[in-house]
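With mmCIF, C-alpha atoms and all ligand atoms inside, this is work_1.cif:
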data_protein
loop_
_atom_site.label_atom_id
_atom_site.label_comp_id
_atom_site.auth_asym_id
_atom_site.auth_seq_id
_atom_site.Cartn_x
_atom_site.Cartn_y
_atom_site.Cartn_z
CA MET A 1 12.60 -6.78 11.66
CA LYS A 2 9.71 -7.37 9.29
CA VAL A 3 8.74 -4.48 7.03
CA ILE A 4 5.69 -3.52 5.00
CA PHE A 5 6.36 -1.01 2.22
CA LEU A 6 3.04 0.76 2.11
CA ASP A 7 1.47 2.68 -0.70
CA ILE A 8 -1.62 4.67 0.33
CA ASP A 9 -3.69 5.76 -2.68
CA GLY A 10 -5.57 2.68 -3.90
CA VAL A 11 -4.59 0.79 -0.73
CA LEU A 12 -5.88 2.78 2.27
CA ASN A 13 -8.36 4.66 0.13
CA CYS A 14 -10.31 3.52 -2.91
CA LYS A 15 -12.82 4.71 -5.42
CA GLU A 16 -15.60 4.15 -2.87
CA THR A 17 -14.00 6.20 -0.09
CA PRO A 18 -16.31 9.07 0.79
CA ASN A 19 -14.53 12.37 0.14
CA PRO A 20 -17.21 15.04 -0.26
CA ARG A 21 -14.70 17.89 0.14
CA LYS A 22 -12.34 16.31 -2.41
CA PHE A 23 -9.36 16.42 -0.09
CA PRO A 24 -6.13 15.45 -1.87
CA TYR A 25 -5.10 13.20 1.04
CA ILE A 26 -7.73 10.87 2.41
CA VAL A 27 -7.67 7.60 4.37
CA ASP A 28 -10.59 5.21 4.56
CA GLU A 29 -10.94 4.14 8.22
CA ARG A 30 -12.47 0.88 7.04
CA LEU A 31 -9.30 0.04 5.09
CA LEU A 32 -6.93 1.28 7.81
CA LYS A 33 -8.68 -1.16 10.16
CA ARG A 34 -7.40 -3.97 7.94
CA LEU A 35 -3.81 -2.77 8.12
CA LEU A 36 -3.55 -2.31 11.89
CA PRO A 37 -4.27 -5.94 12.93
CA LEU A 38 -1.90 -7.07 10.17
CA CYS A 39 0.92 -5.03 11.76
CA GLU A 40 -0.03 -6.27 15.20
CA ARG A 41 -0.20 -9.93 14.21
CA THR A 42 3.12 -9.94 12.32
CA GLY A 43 5.00 -7.32 14.35
CA ALA A 44 5.88 -5.67 11.03
CA GLN A 45 6.94 -2.04 10.82
CA VAL A 46 5.48 0.19 8.13
CA VAL A 47 7.74 2.13 5.77
CA MET A 48 5.78 4.51 3.58
CA SER A 49 6.38 4.26 -0.15
CA SER A 50 3.43 6.44 -1.18
CA THR A 51 3.94 9.70 -3.07
CA TRP A 52 2.42 11.28 0.06
CA ARG A 53 5.94 11.20 1.47
CA TYR A 54 7.24 13.91 -0.88
CA ASP A 55 4.76 16.46 0.34
CA PRO A 56 4.95 17.88 3.87
CA VAL A 57 1.15 18.09 3.82
CA GLY A 58 0.96 14.42 2.80
CA LEU A 59 3.21 13.45 5.70
CA LEU A 60 1.08 15.48 8.11
CA ALA A 61 -2.04 13.83 6.71
CA ALA A 62 -0.53 10.35 7.19
CA ARG A 63 0.18 11.23 10.83
CA HIS A 64 -3.25 12.78 11.23
CA PHE A 65 -4.87 9.55 10.06
CA GLN A 66 -2.55 7.61 12.38
CA ILE A 67 -0.90 5.45 9.78
CA PRO A 68 1.76 3.77 11.93
CA PHE A 69 4.84 4.39 9.77
CA ILE A 70 8.38 4.47 11.14
CA ASP A 71 10.13 5.74 8.02
CA VAL A 72 9.72 6.55 4.32
CA ILE A 73 11.66 5.26 1.32
CA PRO A 74 14.01 7.80 -0.29
CA ASP A 75 12.75 10.11 -3.01
CA MET A 76 14.82 9.48 -6.13
CA PRO A 77 13.27 11.62 -8.89
CA GLY A 78 13.14 9.82 -12.22
CA GLU A 79 13.64 6.39 -10.64
CA ALA A 80 11.01 3.68 -10.27
CA ARG A 81 9.61 2.85 -6.85
CA HIS A 82 11.41 -0.48 -7.05
CA LYS A 83 14.78 1.33 -6.96
CA GLU A 84 13.73 3.51 -4.03
CA ILE A 85 12.66 0.44 -2.04
CA MET A 86 15.93 -1.35 -2.84
CA ALA A 87 17.86 1.75 -1.73
CA TRP A 88 16.03 1.74 1.60
CA LEU A 89 16.69 -1.99 2.05
CA SER A 90 20.37 -1.62 1.24
CA SER A 91 20.79 0.78 4.14
CA HIS A 92 18.89 -1.46 6.61
CA ASP A 93 20.49 -4.83 7.16
CA ASP A 94 18.19 -5.91 9.99
CA VAL A 95 15.22 -6.72 7.73
CA SER A 96 14.28 -10.40 7.98
CA ARG A 97 11.29 -10.33 5.67
CA TYR A 98 9.36 -7.67 3.79
CA ALA A 99 6.29 -7.23 1.63
CA VAL A 100 5.18 -4.46 -0.71
CA ILE A 101 1.52 -3.37 -0.75
CA ASP A 102 0.82 -1.25 -3.81
CA ASP A 103 -2.07 -1.04 -6.25
CA GLU A 104 0.35 -0.24 -9.06
CA ASP A 105 3.42 -2.11 -10.22
CA ASP A 106 6.09 0.51 -10.75
CA GLU A 107 8.74 -2.03 -11.72
CA LEU A 108 7.89 -3.88 -8.52
CA ASP A 109 7.86 -7.22 -10.33
CA ALA A 110 10.98 -8.55 -8.65
CA LEU A 111 9.62 -7.83 -5.17
CA PRO A 112 7.00 -9.66 -3.07
CA LEU A 113 4.09 -7.55 -4.26
CA PHE A 114 0.57 -7.61 -2.79
CA GLN A 115 -1.60 -5.66 -5.11
CA PRO A 116 -5.11 -4.56 -4.25
CA SER A 117 -7.31 -3.03 -6.89
CA ALA A 118 -7.74 0.75 -6.58
CA SER A 119 -11.48 0.14 -6.74
CA THR A 120 -11.48 -1.81 -3.44
CA GLY A 121 -8.26 -0.87 -1.64
CA LEU A 122 -6.75 -3.32 0.86
CA THR A 123 -9.01 -6.36 1.21
CA GLU A 124 -9.15 -8.85 4.11
CA GLU A 125 -7.90 -11.46 1.68
CA ILE A 126 -4.81 -9.47 0.72
CA ALA A 127 -4.14 -8.46 4.34
CA GLY A 128 -4.28 -12.18 5.25
CA GLY A 129 -1.91 -13.00 2.40
CA VAL A 130 0.60 -10.39 3.58
CA ALA A 131 0.40 -11.70 7.15
CA ASP A 132 1.00 -15.31 6.03
CA TYR A 133 3.89 -14.17 3.88
CA LEU A 134 5.54 -12.13 6.62
CA ASP A 135 5.03 -14.98 9.09
CA GLY A 136 6.83 -17.28 6.65
CA LYS A 137 3.78 -19.52 6.19
CA THR A 138 3.90 -19.05 2.44
CA ASP A 139 6.14 -17.56 -0.23
CA LYS A 140 3.22 -16.63 -2.41
CA ASP A 141 2.61 -13.00 -3.19
CA MET A 142 -0.67 -11.68 -4.64
CA ARG A 143 -0.55 -9.57 -7.75
CA SER A 144 -3.54 -8.72 -9.75
CA ASN A 145 -3.71 -9.89 -13.24
CA ARG A 146 -4.11 -6.89 -15.48
CA PHE A 147 -7.30 -8.22 -17.05
CA ILE A 148 -8.98 -8.79 -13.68
CA ARG A 149 -7.94 -5.34 -12.50
CA VAL A 150 -9.41 -3.63 -15.54
CA ALA A 151 -12.60 -5.67 -15.18
CA GLN A 152 -12.92 -4.69 -11.50
CA ASN A 153 -12.48 -1.03 -12.32
CA VAL A 154 -15.13 -1.21 -15.01
CA HIS A 155 -17.44 -2.98 -12.58
CA ALA A 156 -16.90 -0.26 -9.95
CA ILE A 157 -17.59 2.46 -12.50
CA LEU A 158 -20.78 0.75 -13.66
CA LYS A 159 -21.90 0.24 -10.07
CA GLY A 160 -21.25 3.93 -9.35
CA HIS A 161 -23.42 4.93 -12.27
CA ILE A 162 -26.28 2.60 -11.45
CA GLY A 163 -26.22 2.97 -7.65
MG MG B 201 -1.28 3.78 -5.33
#
Just dump the structure as structure tokens.
Ligand SMILES: [Mg+2]
Amino acid sequence: MKVIFLDIDGVLNCKETPNPRKFPYIVDERLLKRLLPLCERTGAQVVMSSTWRYDPVGLLAARHFQIPFIDVIPDMPGEARHKEIMAWLSSHDDVSRYAVIDDEDDELDALPLFQPSASTGLTEEIAGGVADYLDGKTDKDMRSNRFIRVAQNVHAILKGHIG
């Protein structure tokens, strides 16, 4: 089985996601539409790594928005997300290949990390990179260089102020 460990905030929503009511849990349909074909093409199952998983309301919201997850990683308070993902993997020995999509890098350095910027969320380019990785076409992951990420965030903020 192929698995995508999926973060949500900064991946399926971004700074541009309309949220006039300021809901704490929001999914950008535009970004979700990039995830679904990725799952279909690769046959990967989604395991949620987002903090949404701790909160019953977050889990309901994920189902409401039809994020196709089959499981969540364990909640290990005080531990980095990396440890929680490794714990999930150690209890599932049928995983052939996996990728982590997360806008942050909570000690995820040792894992195949695909890292969108929170100002854009999941891009077509990153979704394509994950698909190629899961299909075994490449071993290259895609992490954002800190400098580029900061620059993108500044750009988004400036754009917000001007536009
Ligand atoms: Mg995030």
Legend entry - Test item: residues lying within 6 Å of ligand MG 201 (chain B) with only C-alpha atoms and all ligand atoms, as a ChimeraX atom specification: /A:7-10,102-104
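With distances taken over only C-alpha atoms, A:Leu6 is the one residue among A:Val95, A:Leu6, A:Met1, A:Ala131 lying closest to A:Ile73.
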Legend entry - All residues 9 Å or closer to A:Val72, all atoms listed in the file, same chain fewer than 2 positions away omitted, as a ChimeraX atom specification: /A:5,46-50,53,69-70,74-75,88
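Atom to atom, atom CA of A:Asn13 and atom CA of A:Leu89 stand 26.0 Å apart.
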Legend entry - Residues within 8 Å of stretch 25-29 of chain A, only C-alpha atoms, excluding chain neighbours under 5 positions, as an NGL selection string: :A and (8 or 12-14 or 17-19 or 52 or 58 or 61 or 65)
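The closest residue to A:Leu134, picked from A:Leu108, A:Ala80, A:Met86, A:Ile4 and counting all atoms listed in the file, is A:Ile4.
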